[in-house]
>>> print(open('coords-v4.pdb').read())   # PDB, C-alpha atoms and all ligand atoms
ATOM      1  CA  MET X 191       0.000   0.000   0.000
ATOM      2  CA  THR X 192       1.431   3.418  -0.871
ATOM      3  CA  ALA X 193       1.651   6.024   1.862
ATOM      4  CA  PRO X 194      -0.660   8.997   1.347
ATOM      5  CA  THR X 195       0.832  12.421   0.777
ATOM      6  CA  ALA X 196       1.539  14.744   3.686
ATOM      7  CA  PRO X 197      -1.347  15.396   6.064
ATOM      8  CA  LEU X 198      -3.739  17.931   4.646
ATOM      9  CA  GLY X 199      -5.220  21.147   5.931
ATOM     10  CA  ARG X 200      -8.947  21.190   6.368
ATOM     11  CA  LEU X 201     -10.432  18.648   8.702
ATOM     12  CA  ARG X 202     -13.747  17.188   7.521
ATOM     13  CA  LEU X 203     -16.747  17.136   9.817
ATOM     14  CA  GLY X 204     -19.199  14.266   9.511
ATOM     15  CA  VAL X 205     -22.418  15.000  11.379
ATOM     16  CA  ASN X 206     -24.093  11.926  12.821
ATOM     17  CA  ILE X 207     -27.883  12.345  12.747
ATOM     18  CA  ASP X 208     -28.858   9.124  14.562
ATOM     19  CA  HIS X 209     -30.303  10.918  17.546
ATOM     20  CA  VAL X 210     -32.693  13.011  15.494
ATOM     21  CA  ALA X 211     -34.249   9.624  14.751
ATOM     22  CA  THR X 212     -34.042   8.695  18.456
ATOM     23  CA  VAL X 213     -36.251  11.687  19.309
ATOM     24  CA  ARG X 214     -38.648  10.878  16.469
ATOM     25  CA  ASN X 215     -38.894   7.230  17.508
ATOM     26  CA  ALA X 216     -39.617   8.149  21.138
ATOM     27  CA  ARG X 217     -43.127   9.050  19.971
ATOM     28  CA  GLY X 218     -43.448   6.975  16.829
ATOM     29  CA  SER X 219     -44.128  10.174  14.885
ATOM     30  CA  ALA X 220     -42.818  11.314  11.499
ATOM     31  CA  TYR X 221     -40.801  14.162  13.032
ATOM     32  CA  PRO X 222     -38.136  15.366  13.615
ATOM     33  CA  ASP X 223     -36.929  14.247  10.203
ATOM     34  CA  PRO X 224     -33.276  13.096   9.955
ATOM     35  CA  VAL X 225     -33.136  14.148   6.295
ATOM     36  CA  ARG X 226     -34.089  17.694   7.237
ATOM     37  CA  ALA X 227     -31.347  17.651   9.868
ATOM     38  CA  ALA X 228     -28.863  16.389   7.270
ATOM     39  CA  LYS X 229     -29.748  19.253   4.921
ATOM     40  CA  LEU X 230     -29.329  21.746   7.747
ATOM     41  CA  ALA X 231     -26.004  20.181   8.662
ATOM     42  CA  GLU X 232     -24.828  20.619   5.096
ATOM     43  CA  ALA X 233     -25.786  24.311   5.134
ATOM     44  CA  ALA X 234     -23.952  24.713   8.458
ATOM     45  CA  GLY X 235     -20.671  23.375   7.069
ATOM     46  CA  ALA X 236     -20.762  19.599   7.475
ATOM     47  CA  ASP X 237     -18.689  17.702   4.935
ATOM     48  CA  GLY X 238     -20.571  14.452   5.297
ATOM     49  CA  ILE X 239     -23.492  12.783   7.044
ATOM     50  CA  THR X 240     -23.106   9.718   9.210
ATOM     51  CA  ALA X 241     -25.926   7.338  10.079
ATOM     52  CA  HIS X 242     -25.814   4.011  11.926
ATOM     53  CA  LEU X 243     -28.425   1.449  10.953
ATOM     54  CA  ARG X 244     -28.424  -0.772  14.005
ATOM     55  CA  GLU X 245     -29.618  -4.335  13.961
ATOM     56  CA  ASP X 246     -32.469  -3.397  16.346
ATOM     57  CA  ARG X 247     -33.334  -0.214  14.331
ATOM     58  CA  ARG X 248     -33.492   1.765  17.576
ATOM     59  CA  HIS X 249     -32.872   5.063  15.772
ATOM     60  CA  ILE X 250     -32.135   5.154  12.038
ATOM     61  CA  SER X 251     -34.504   2.996   9.964
ATOM     62  CA  ASP X 252     -34.168   1.353   6.570
ATOM     63  CA  ALA X 253     -36.478   4.052   5.187
ATOM     64  CA  ASP X 254     -34.149   6.756   6.576
ATOM     65  CA  ILE X 255     -31.231   5.259   4.668
ATOM     66  CA  GLU X 256     -33.298   5.197   1.475
ATOM     67  CA  ALA X 257     -34.360   8.803   2.008
ATOM     68  CA  LEU X 258     -30.836   9.978   2.832
ATOM     69  CA  MET X 259     -29.401   8.291  -0.262
ATOM     70  CA  ALA X 260     -32.061   9.955  -2.411
ATOM     71  CA  ALA X 261     -31.841  13.423  -0.859
ATOM     72  CA  LEU X 262     -28.206  13.982   0.073
ATOM     73  CA  THR X 263     -25.639  15.790  -1.979
ATOM     74  CA  LEU X 264     -23.060  15.218   0.779
ATOM     75  CA  PRO X 265     -21.385  11.816   1.047
ATOM     76  CA  LEU X 266     -23.093   9.340   3.373
ATOM     77  CA  ASN X 267     -20.966   7.421   5.857
ATOM     78  CA  PHE X 268     -23.076   4.334   6.563
ATOM     79  CA  GLU X 269     -22.198   2.752   9.906
ATOM     80  CA  MET X 270     -23.070  -0.896  10.295
ATOM     81  CA  ALA X 271     -22.169  -4.142  11.992
ATOM     82  CA  ALA X 272     -20.383  -6.838  10.002
ATOM     83  CA  THR X 273     -23.493  -8.923   9.320
ATOM     84  CA  ALA X 274     -24.846 -10.409   6.105
ATOM     85  CA  GLU X 275     -28.028  -8.340   6.423
ATOM     86  CA  MET X 276     -26.115  -5.057   6.655
ATOM     87  CA  GLN X 277     -23.742  -6.032   3.880
ATOM     88  CA  ALA X 278     -26.721  -6.624   1.558
ATOM     89  CA  ILE X 279     -28.220  -3.240   2.473
ATOM     90  CA  ALA X 280     -24.897  -1.472   1.871
ATOM     91  CA  LEU X 281     -24.444  -3.199  -1.475
ATOM     92  CA  ARG X 282     -27.946  -2.126  -2.507
ATOM     93  CA  HIS X 283     -27.323   1.550  -1.683
ATOM     94  CA  ARG X 284     -23.585   1.830  -2.317
ATOM     95  CA  PRO X 285     -22.967   4.771   0.027
ATOM     96  CA  HIS X 286     -19.753   6.767  -0.269
ATOM     97  CA  ALA X 287     -18.344   5.125   2.859
ATOM     98  CA  VAL X 288     -19.135   2.146   5.036
ATOM     99  CA  CYS X 289     -17.853   2.194   8.599
ATOM    100  CA  ILE X 290     -17.792  -1.237  10.238
ATOM    101  CA  VAL X 291     -18.569  -1.029  13.947
ATOM    102  CA  PRO X 292     -19.020  -3.629  16.693
ATOM    103  CA  GLU X 293     -22.588  -3.926  17.889
ATOM    104  CA  LYS X 294     -24.167  -5.458  20.946
ATOM    105  CA  ARG X 295     -27.905  -5.279  21.464
ATOM    106  CA  GLU X 296     -27.654  -4.494  25.167
ATOM    107  CA  GLU X 297     -25.197  -1.590  24.807
ATOM    108  CA  ARG X 298     -26.368   2.022  24.974
ATOM    109  CA  THR X 299     -23.905   3.088  22.301
ATOM    110  CA  THR X 300     -20.923   1.636  20.430
ATOM    111  CA  GLU X 301     -18.841   0.840  23.475
ATOM    112  CA  GLY X 302     -15.556  -0.355  22.083
ATOM    113  CA  GLY X 303     -13.659  -0.743  18.872
ATOM    114  CA  LEU X 304     -13.999  -3.637  16.482
ATOM    115  CA  GLU X 305     -11.924  -6.759  17.221
ATOM    116  CA  VAL X 306     -10.210  -6.940  13.830
ATOM    117  CA  ALA X 307      -7.113  -8.892  14.785
ATOM    118  CA  ARG X 308      -9.065 -11.952  15.966
ATOM    119  CA  GLU X 309     -11.462 -11.884  13.008
ATOM    120  CA  GLU X 310      -9.071 -10.927  10.272
ATOM    121  CA  ASN X 311     -10.028 -13.604   7.800
ATOM    122  CA  ARG X 312     -13.776 -13.153   8.139
ATOM    123  CA  LEU X 313     -13.528  -9.357   7.933
ATOM    124  CA  ALA X 314     -11.234  -9.442   4.902
ATOM    125  CA  HIS X 315     -13.884 -11.486   3.064
ATOM    126  CA  PHE X 316     -16.667  -9.326   4.448
ATOM    127  CA  ILE X 317     -15.295  -5.995   3.229
ATOM    128  CA  ALA X 318     -14.078  -7.189  -0.194
ATOM    129  CA  PRO X 319     -17.480  -6.880  -1.956
ATOM    130  CA  LEU X 320     -18.059  -3.472  -0.342
ATOM    131  CA  ARG X 321     -14.730  -2.266  -1.699
ATOM    132  CA  ASP X 322     -15.509  -3.759  -5.079
ATOM    133  CA  ALA X 323     -18.819  -1.868  -5.061
ATOM    134  CA  GLY X 324     -16.872   1.396  -4.706
ATOM    135  CA  CYS X 325     -17.477   2.080  -0.991
ATOM    136  CA  ARG X 326     -14.616   3.432   1.096
ATOM    137  CA  VAL X 327     -14.374   0.949   3.919
ATOM    138  CA  SER X 328     -13.580   2.296   7.358
ATOM    139  CA  ILE X 329     -13.032   0.232  10.505
ATOM    140  CA  PHE X 330     -13.925   1.662  13.916
ATOM    141  CA  ILE X 331     -11.191   0.607  16.346
ATOM    142  CA  ALA X 332      -9.544   1.396  19.630
ATOM    143  CA  ALA X 333      -6.094   3.030  19.635
ATOM    144  CA  ASP X 334      -4.325  -0.327  19.584
ATOM    145  CA  PRO X 335      -1.459  -1.117  17.192
ATOM    146  CA  ARG X 336      -2.616  -4.749  16.793
ATOM    147  CA  GLN X 337      -6.011  -3.638  15.541
ATOM    148  CA  ILE X 338      -4.518  -0.979  13.273
ATOM    149  CA  GLU X 339      -2.112  -3.440  11.664
ATOM    150  CA  ALA X 340      -4.954  -5.900  11.168
ATOM    151  CA  ALA X 341      -7.126  -3.178   9.576
ATOM    152  CA  ALA X 342      -4.320  -2.441   7.111
ATOM    153  CA  ARG X 343      -3.856  -6.147   6.341
ATOM    154  CA  ILE X 344      -7.536  -6.725   5.534
ATOM    155  CA  GLY X 345      -7.434  -3.871   3.011
ATOM    156  CA  ALA X 346      -9.459  -1.170   4.755
ATOM    157  CA  ALA X 347      -8.935   2.312   3.310
ATOM    158  CA  VAL X 348      -9.726   4.102   6.552
ATOM    159  CA  ILE X 349      -9.665   3.561  10.289
ATOM    160  CA  GLU X 350     -11.776   5.574  12.686
ATOM    161  CA  LEU X 351     -10.195   5.846  16.127
ATOM    162  CA  HIS X 352     -12.638   5.490  19.036
ATOM    163  CA  THR X 353     -12.385   8.649  21.150
ATOM    164  CA  GLY X 354     -14.985   7.490  23.701
ATOM    165  CA  ALA X 355     -12.511   6.498  26.428
ATOM    166  CA  TYR X 356     -10.700   9.847  26.131
ATOM    167  CA  CYS X 357     -14.006  11.750  26.385
ATOM    168  CA  ASP X 358     -15.229   9.674  29.343
ATOM    169  CA  LEU X 359     -11.971  10.256  31.241
ATOM    170  CA  HIS X 360     -12.299  13.981  30.573
ATOM    171  CA  ALA X 361     -15.886  14.013  31.874
ATOM    172  CA  GLU X 362     -14.805  12.111  35.001
ATOM    173  CA  GLY X 363     -11.999  14.594  35.662
ATOM    174  CA  GLN X 364      -9.337  11.868  35.429
ATOM    175  CA  ILE X 365      -6.830  14.204  33.867
ATOM    176  CA  ASP X 366      -3.703  12.018  33.939
ATOM    177  CA  GLN X 367      -5.487   9.055  32.378
ATOM    178  CA  ARG X 368      -7.220  11.344  29.883
ATOM    179  CA  ASP X 369      -3.883  12.756  28.773
ATOM    180  CA  ALA X 370      -2.407   9.263  28.514
ATOM    181  CA  GLU X 371      -5.331   8.175  26.303
ATOM    182  CA  LEU X 372      -4.931  11.312  24.198
ATOM    183  CA  ALA X 373      -1.221  10.547  23.738
ATOM    184  CA  ARG X 374      -2.154   7.000  22.698
ATOM    185  CA  LEU X 375      -4.655   8.342  20.164
ATOM    186  CA  ARG X 376      -2.051  10.748  18.771
ATOM    187  CA  ASP X 377       0.600   8.031  18.442
ATOM    188  CA  MET X 378      -1.849   5.613  16.857
ATOM    189  CA  ALA X 379      -3.074   8.245  14.374
ATOM    190  CA  ALA X 380       0.538   8.698  13.270
ATOM    191  CA  PHE X 381       1.110   4.927  13.183
ATOM    192  CA  ALA X 382      -1.993   4.279  11.070
ATOM    193  CA  HIS X 383      -1.031   7.068   8.693
ATOM    194  CA  SER X 384       2.441   5.536   8.315
ATOM    195  CA  LEU X 385       0.753   2.291   7.177
ATOM    196  CA  GLY X 386      -1.124   4.168   4.446
ATOM    197  CA  LEU X 387      -4.472   4.273   6.224
ATOM    198  CA  GLU X 388      -6.637   7.392   6.197
ATOM    199  CA  VAL X 389      -7.382   8.305   9.795
ATOM    200  CA  HIS X 390     -10.740   9.453  11.167
ATOM    201  CA  ALA X 391     -11.827   9.793  14.786
ATOM    202  CA  GLY X 392     -15.035  10.077  16.732
ATOM    203  CA  HIS X 393     -17.357   9.128  19.561
ATOM    204  CA  GLY X 394     -18.356  11.267  22.508
ATOM    205  CA  LEU X 395     -16.658  14.442  21.238
ATOM    206  CA  THR X 396     -17.909  17.763  22.611
ATOM    207  CA  TYR X 397     -16.819  21.402  22.437
ATOM    208  CA  ASP X 398     -14.572  20.657  25.433
ATOM    209  CA  THR X 399     -12.834  17.616  23.979
ATOM    210  CA  VAL X 400     -12.709  18.182  20.226
ATOM    211  CA  GLN X 401      -9.710  20.445  19.866
ATOM    212  CA  PRO X 402      -6.833  18.200  20.983
ATOM    213  CA  VAL X 403      -8.053  15.506  18.581
ATOM    214  CA  ALA X 404      -8.674  17.996  15.770
ATOM    215  CA  ALA X 405      -5.056  19.121  16.154
ATOM    216  CA  PHE X 406      -3.632  15.693  15.206
ATOM    217  CA  PRO X 407      -2.316  16.367  11.691
ATOM    218  CA  GLU X 408      -3.014  12.828  10.466
ATOM    219  CA  VAL X 409      -6.707  12.972  11.319
ATOM    220  CA  MET X 410      -8.738  13.824   8.222
ATOM    221  CA  GLU X 411     -12.295  13.555   9.532
ATOM    222  CA  LEU X 412     -14.229  13.699  12.798
ATOM    223  CA  ASN X 413     -17.669  12.117  13.160
ATOM    224  CA  ILE X 414     -19.780  13.796  15.811
ATOM    225  CA  GLY X 415     -23.433  13.302  16.684
ATOM    226  CA  HIS X 416     -24.890  12.968  20.151
ATOM    227  CA  PHE X 417     -23.430  16.164  21.581
ATOM    228  CA  LEU X 418     -24.460  18.236  18.550
ATOM    229  CA  ILE X 419     -28.048  17.019  18.578
ATOM    230  CA  GLY X 420     -28.245  17.749  22.316
ATOM    231  CA  GLU X 421     -26.701  21.178  21.905
ATOM    232  CA  ALA X 422     -29.206  21.912  19.122
ATOM    233  CA  ILE X 423     -31.964  21.921  21.773
ATOM    234  CA  PHE X 424     -30.413  25.032  23.266
ATOM    235  CA  ARG X 425     -28.927  26.919  20.348
ATOM    236  CA  GLY X 426     -30.370  25.303  17.230
ATOM    237  CA  LEU X 427     -28.674  22.787  14.968
ATOM    238  CA  ASP X 428     -27.084  25.309  12.618
ATOM    239  CA  PRO X 429     -25.276  27.338  15.317
ATOM    240  CA  ALA X 430     -24.347  24.149  17.192
ATOM    241  CA  ILE X 431     -22.604  22.746  14.113
ATOM    242  CA  ARG X 432     -21.011  26.079  13.187
ATOM    243  CA  GLU X 433     -19.438  26.327  16.635
ATOM    244  CA  MET X 434     -18.001  22.798  16.316
ATOM    245  CA  ARG X 435     -16.650  23.695  12.875
ATOM    246  CA  ARG X 436     -15.074  26.871  14.297
ATOM    247  CA  LEU X 437     -13.374  24.959  17.120
ATOM    248  CA  MET X 438     -12.059  22.332  14.713
ATOM    249  CA  ASP X 439     -10.682  24.941  12.317
ATOM    250  CA  ALA X 440      -9.078  26.876  15.187
ATOM    251  CA  ALA X 441      -7.387  23.730  16.486
ATOM    252  CA  ARG X 442      -6.113  22.983  13.001
ATOM    253  CA  ALA X 443      -4.697  26.468  12.527
TER     254      ALA X 443
HETATM  255  N1  LIG D   1     -18.173   7.297  15.009
HETATM  256  C1  LIG D   1     -18.711   6.069  15.162
HETATM  257  C2  LIG D   1     -18.069   4.921  14.465
HETATM  258  C3  LIG D   1     -19.874   5.878  15.937
HETATM  259  O1  LIG D   1     -20.393   4.645  16.079
HETATM  260  C4  LIG D   1     -20.491   6.992  16.521
HETATM  261  C5  LIG D   1     -21.755   6.821  17.302
HETATM  262  O2  LIG D   1     -22.748   6.323  16.492
HETATM  263  C6  LIG D   1     -19.894   8.252  16.317
HETATM  264  C7  LIG D   1     -18.733   8.365  15.582
HETATM  265  C8  LIG D   1     -20.486   9.490  16.880
HETATM  266  O3  LIG D   1     -20.460   9.454  18.272
HETATM  267  P1  LIG D   1     -21.266  10.533  19.095
HETATM  268  O4  LIG D   1     -22.707  10.401  18.712
HETATM  269  O5  LIG D   1     -20.978  10.173  20.501
HETATM  270  O6  LIG D   1     -20.718  11.877  18.706
END
>>> encode(input="coords-v4.pdb", output="structure tokens")
Amino acid sequence: MTAPTAPLGRLRLGVNIDHVATVRNARGSAYPDPVRAAKLAEAAGADGITAHLREDRRHISDADIEALMAALTLPLNFEMAATAEMQAIALRHRPHAVCIVPEKREERTTEGGLEVAREENRLAHFIAPLRDAGCRVSIFIAADPRQIEAAARIGAAVIELHTGAYCDLHAEGQIDQRDAELARLRDMAAFAHSLGLEVHAGHGLTYDTVQPVAAFPEVMELNIGHFLIGEAIFRGLDPAIREMRRLMDAARA
């Protein structure tokens, strides 16, 4: 695999709209509409839209994916578990990117990174048709060199580093451990880049935690959802996204 050129300037922002669907589904109504949120996100400076179709359909639905594919001009980053059902859905829609995430029914959110190293053979076969269909395949993993090397070996184009542990440690005020996790993320971003992988990051990021990650030169994209949708309650979705964009750009400069 050839190494990409030097790290580039502008960091992309992928806005995850899952929790617009969570609010809608709480009442079984037709609103708020995730597609409307995606359009607003685009106007506010998002570079992509991320949506996770979970096995239990707790937020985004199959119809949402159809509607997003039909309505979006921005690239869709389709998050999914490595199951035959999800692979068939991805192959039907052929989104710009497919991000493979671990999924457990009982979890509240995606709690850890994907175990690539132990499942290398299965995952290599799983992602091959997605790649052949023209999707950029991304693997959501912890900042662990074993997982990063395995992601490179199976032929993923992208890894997304799980920032959840860093954000949790920040929220708990565990500053030393937070800084250690941040250092691990920084080192692993550089390591993945050296293997020719494009590096993304996300999970749990807020205005308070985004800037140190945005400053890693190898990181090309951040995917952020839950905090932005929550913040939109207070300031509106457009200003909430614009502020995140401003913080990311400031950290990059
Ligand atoms: N990236 C991945 C791979 C995710 O699974 C999620 C959550 O769906 C996010 C980013 C966004 O995380 P959050 O909603 O906490 O910002």
>>> residues_around(input="coords-v4.pdb", residues="Asp246 (chain X)", least_positions_apart="3", cutoff="12 Å", atoms="only C-alpha atoms", output="compact mmCIF listing (two decimals) with C-alpha atoms, keeping the file's coordinate frame")
# COMPACT_ATOMS: atom_id res chain seq x y z
CA HIS X 242 -25.81 4.01 11.93
CA LEU X 243 -28.42 1.45 10.95
CA HIS X 249 -32.87 5.06 15.77
CA ILE X 250 -32.14 5.15 12.04
CA SER X 251 -34.50 3.00 9.96
CA ASP X 252 -34.17 1.35 6.57
CA MET X 270 -23.07 -0.90 10.30
CA ALA X 271 -22.17 -4.14 11.99
CA GLU X 275 -28.03 -8.34 6.42
CA MET X 276 -26.12 -5.06 6.66
CA GLU X 293 -22.59 -3.93 17.89
CA LYS X 294 -24.17 -5.46 20.95
CA ARG X 295 -27.90 -5.28 21.46
CA GLU X 296 -27.65 -4.49 25.17
CA GLU X 297 -25.20 -1.59 24.81
CA ARG X 298 -26.37 2.02 24.97
>>> closest_atom_pairs(input="coords-v4.pdb", of="chain X", to="ligand LIG 1 (chain D)", cutoff="9 Å", atoms="all atoms listed in the file", output="JSON lines")
{"residue": "X:Gly204", "atom": "CA", "partner": "D:LIG1", "partner_atom": "C7", "distance": 8.5}
{"residue": "X:Val205", "atom": "CA", "partner": "D:LIG1", "partner_atom": "C8", "distance": 8.0}
{"residue": "X:Asn206", "atom": "CA", "partner": "D:LIG1", "partner_atom": "C8", "distance": 6.0}
{"residue": "X:Ile207", "atom": "CA", "partner": "D:LIG1", "partner_atom": "O4", "distance": 8.1}
{"residue": "X:Asp208", "atom": "CA", "partner": "D:LIG1", "partner_atom": "O2", "distance": 7.0}
{"residue": "X:His209", "atom": "CA", "partner": "D:LIG1", "partner_atom": "O4", "distance": 7.7}
{"residue": "X:Thr240", "atom": "CA", "partner": "D:LIG1", "partner_atom": "C7", "distance": 7.8}
{"residue": "X:Ala241", "atom": "CA", "partner": "D:LIG1", "partner_atom": "O2", "distance": 7.2}
{"residue": "X:His242", "atom": "CA", "partner": "D:LIG1", "partner_atom": "O2", "distance": 6.0}
{"residue": "X:Glu269", "atom": "CA", "partner": "D:LIG1", "partner_atom": "C2", "distance": 6.5}
{"residue": "X:Met270", "atom": "CA", "partner": "D:LIG1", "partner_atom": "O1", "distance": 8.4}
{"residue": "X:Cys289", "atom": "CA", "partner": "D:LIG1", "partner_atom": "C2", "distance": 6.5}
{"residue": "X:Ile290", "atom": "CA", "partner": "D:LIG1", "partner_atom": "C2", "distance": 7.5}
{"residue": "X:Val291", "atom": "CA", "partner": "D:LIG1", "partner_atom": "C2", "distance": 6.0}
{"residue": "X:Pro292", "atom": "CA", "partner": "D:LIG1", "partner_atom": "O1", "distance": 8.4}
{"residue": "X:Thr299", "atom": "CA", "partner": "D:LIG1", "partner_atom": "C5", "distance": 6.6}
{"residue": "X:Thr300", "atom": "CA", "partner": "D:LIG1", "partner_atom": "O1", "distance": 5.3}
{"residue": "X:Glu301", "atom": "CA", "partner": "D:LIG1", "partner_atom": "O1", "distance": 8.5}
{"residue": "X:Gly303", "atom": "CA", "partner": "D:LIG1", "partner_atom": "C2", "distance": 8.4}
{"residue": "X:Ser328", "atom": "CA", "partner": "D:LIG1", "partner_atom": "C2", "distance": 8.8}
{"residue": "X:Ile329", "atom": "CA", "partner": "D:LIG1", "partner_atom": "C2", "distance": 7.9}
{"residue": "X:Phe330", "atom": "CA", "partner": "D:LIG1", "partner_atom": "C2", "distance": 5.3}
{"residue": "X:Ile331", "atom": "CA", "partner": "D:LIG1", "partner_atom": "C2", "distance": 8.3}
{"residue": "X:Glu350", "atom": "CA", "partner": "D:LIG1", "partner_atom": "C2", "distance": 6.6}
{"residue": "X:Leu351", "atom": "CA", "partner": "D:LIG1", "partner_atom": "C2", "distance": 8.1}
{"residue": "X:His352", "atom": "CA", "partner": "D:LIG1", "partner_atom": "N1", "distance": 7.1}
{"residue": "X:Thr353", "atom": "CA", "partner": "D:LIG1", "partner_atom": "C7", "distance": 8.4}
{"residue": "X:Gly354", "atom": "CA", "partner": "D:LIG1", "partner_atom": "O5", "distance": 7.3}
{"residue": "X:His390", "atom": "CA", "partner": "D:LIG1", "partner_atom": "N1", "distance": 8.6}
{"residue": "X:Ala391", "atom": "CA", "partner": "D:LIG1", "partner_atom": "N1", "distance": 6.8}
{"residue": "X:Gly392", "atom": "CA", "partner": "D:LIG1", "partner_atom": "C7", "distance": 4.2}
{"residue": "X:His393", "atom": "CA", "partner": "D:LIG1", "partner_atom": "O3", "distance": 3.4}
{"residue": "X:Gly394", "atom": "CA", "partner": "D:LIG1", "partner_atom": "O5", "distance": 3.5}
{"residue": "X:Leu395", "atom": "CA", "partner": "D:LIG1", "partner_atom": "O6", "distance": 5.4}
{"residue": "X:Thr396", "atom": "CA", "partner": "D:LIG1", "partner_atom": "O6", "distance": 7.6}
{"residue": "X:Leu412", "atom": "CA", "partner": "D:LIG1", "partner_atom": "C7", "distance": 7.5}
{"residue": "X:Asn413", "atom": "CA", "partner": "D:LIG1", "partner_atom": "C7", "distance": 4.6}
{"residue": "X:Ile414", "atom": "CA", "partner": "D:LIG1", "partner_atom": "O6", "distance": 3.6}
{"residue": "X:Gly415", "atom": "CA", "partner": "D:LIG1", "partner_atom": "O4", "distance": 3.6}
{"residue": "X:His416", "atom": "CA", "partner": "D:LIG1", "partner_atom": "O4", "distance": 3.7}
{"residue": "X:Phe417", "atom": "CA", "partner": "D:LIG1", "partner_atom": "O6", "distance": 5.8}
{"residue": "X:Leu418", "atom": "CA", "partner": "D:LIG1", "partner_atom": "O6", "distance": 7.4}
{"residue": "X:Ile419", "atom": "CA", "partner": "D:LIG1", "partner_atom": "O4", "distance": 8.5}
>>> write_last_selection(input="coords-v4.pdb", atoms="C-alpha atoms", output="compact mmCIF listing (two decimals), keeping the file's coordinate frame")
# COMPACT_ATOMS: atom_id res chain seq x y z
CA GLY X 204 -19.20 14.27 9.51
CA VAL X 205 -22.42 15.00 11.38
CA ASN X 206 -24.09 11.93 12.82
CA ILE X 207 -27.88 12.34 12.75
CA ASP X 208 -28.86 9.12 14.56
CA HIS X 209 -30.30 10.92 17.55
CA THR X 240 -23.11 9.72 9.21
CA ALA X 241 -25.93 7.34 10.08
CA HIS X 242 -25.81 4.01 11.93
CA GLU X 269 -22.20 2.75 9.91
CA MET X 270 -23.07 -0.90 10.30
CA CYS X 289 -17.85 2.19 8.60
CA ILE X 290 -17.79 -1.24 10.24
CA VAL X 291 -18.57 -1.03 13.95
CA PRO X 292 -19.02 -3.63 16.69
CA THR X 299 -23.90 3.09 22.30
CA THR X 300 -20.92 1.64 20.43
CA GLU X 301 -18.84 0.84 23.48
CA GLY X 303 -13.66 -0.74 18.87
CA SER X 328 -13.58 2.30 7.36
CA ILE X 329 -13.03 0.23 10.50
CA PHE X 330 -13.92 1.66 13.92
CA ILE X 331 -11.19 0.61 16.35
CA GLU X 350 -11.78 5.57 12.69
CA LEU X 351 -10.20 5.85 16.13
CA HIS X 352 -12.64 5.49 19.04
CA THR X 353 -12.38 8.65 21.15
CA GLY X 354 -14.98 7.49 23.70
CA HIS X 390 -10.74 9.45 11.17
CA ALA X 391 -11.83 9.79 14.79
CA GLY X 392 -15.04 10.08 16.73
CA HIS X 393 -17.36 9.13 19.56
CA GLY X 394 -18.36 11.27 22.51
CA LEU X 395 -16.66 14.44 21.24
CA THR X 396 -17.91 17.76 22.61
CA LEU X 412 -14.23 13.70 12.80
CA ASN X 413 -17.67 12.12 13.16
CA ILE X 414 -19.78 13.80 15.81
CA GLY X 415 -23.43 13.30 16.68
CA HIS X 416 -24.89 12.97 20.15
CA PHE X 417 -23.43 16.16 21.58
CA LEU X 418 -24.46 18.24 18.55
CA ILE X 419 -28.05 17.02 18.58
>>> closest_residue(input="coords-v4.pdb", among="X:Glu339, X:Glu309, X:Ala347, X:Asp358", to="Arg321 (chain X)", atoms="all atoms listed in the file")
X:Ala347
>>> atom_distance(input="coords-v4.pdb", atom1="CA of Ala314 (chain X)", atom2="CA of Gly345 (chain X)")
7.0 Å
>>> resolve_selection(input="coords-v4.pdb", expression="the PyMOL selection byres (((chain X and resi 405) around 12) and not hetatm)", output="ChimeraX atom specification")
/X:197-201,372,375-376,379,391,399-404,406-412,437-443
>>> write_last_selection(input="coords-v4.pdb", atoms="C-alpha atoms", output="PDB file, keeping the file's coordinate frame")
ATOM      1  CA  PRO X 197      -1.347  15.396   6.064  1.00  0.00           C
ATOM      2  CA  LEU X 198      -3.739  17.931   4.646  1.00  0.00           C
ATOM      3  CA  GLY X 199      -5.220  21.147   5.931  1.00  0.00           C
ATOM      4  CA  ARG X 200      -8.947  21.190   6.368  1.00  0.00           C
ATOM      5  CA  LEU X 201     -10.432  18.648   8.702  1.00  0.00           C
ATOM      6  CA  LEU X 372      -4.931  11.312  24.198  1.00  0.00           C
ATOM      7  CA  LEU X 375      -4.655   8.342  20.164  1.00  0.00           C
ATOM      8  CA  ARG X 376      -2.051  10.748  18.771  1.00  0.00           C
ATOM      9  CA  ALA X 379      -3.074   8.245  14.374  1.00  0.00           C
ATOM     10  CA  ALA X 391     -11.827   9.793  14.786  1.00  0.00           C
ATOM     11  CA  THR X 399     -12.834  17.616  23.979  1.00  0.00           C
ATOM     12  CA  VAL X 400     -12.709  18.182  20.226  1.00  0.00           C
ATOM     13  CA  GLN X 401      -9.710  20.445  19.866  1.00  0.00           C
ATOM     14  CA  PRO X 402      -6.833  18.200  20.983  1.00  0.00           C
ATOM     15  CA  VAL X 403      -8.053  15.506  18.581  1.00  0.00           C
ATOM     16  CA  ALA X 404      -8.674  17.996  15.770  1.00  0.00           C
ATOM     17  CA  PHE X 406      -3.632  15.693  15.206  1.00  0.00           C
ATOM     18  CA  PRO X 407      -2.316  16.367  11.691  1.00  0.00           C
ATOM     19  CA  GLU X 408      -3.014  12.828  10.466  1.00  0.00           C
ATOM     20  CA  VAL X 409      -6.707  12.972  11.319  1.00  0.00           C
ATOM     21  CA  MET X 410      -8.738  13.824   8.222  1.00  0.00           C
ATOM     22  CA  GLU X 411     -12.295  13.555   9.532  1.00  0.00           C
ATOM     23  CA  LEU X 412     -14.229  13.699  12.798  1.00  0.00           C
ATOM     24  CA  LEU X 437     -13.374  24.959  17.120  1.00  0.00           C
ATOM     25  CA  MET X 438     -12.059  22.332  14.713  1.00  0.00           C
ATOM     26  CA  ASP X 439     -10.682  24.941  12.317  1.00  0.00           C
ATOM     27  CA  ALA X 440      -9.078  26.876  15.187  1.00  0.00           C
ATOM     28  CA  ALA X 441      -7.387  23.730  16.486  1.00  0.00           C
ATOM     29  CA  ARG X 442      -6.113  22.983  13.001  1.00  0.00           C
ATOM     30  CA  ALA X 443      -4.697  26.468  12.527  1.00  0.00           C
TER      31      ALA X 443
END
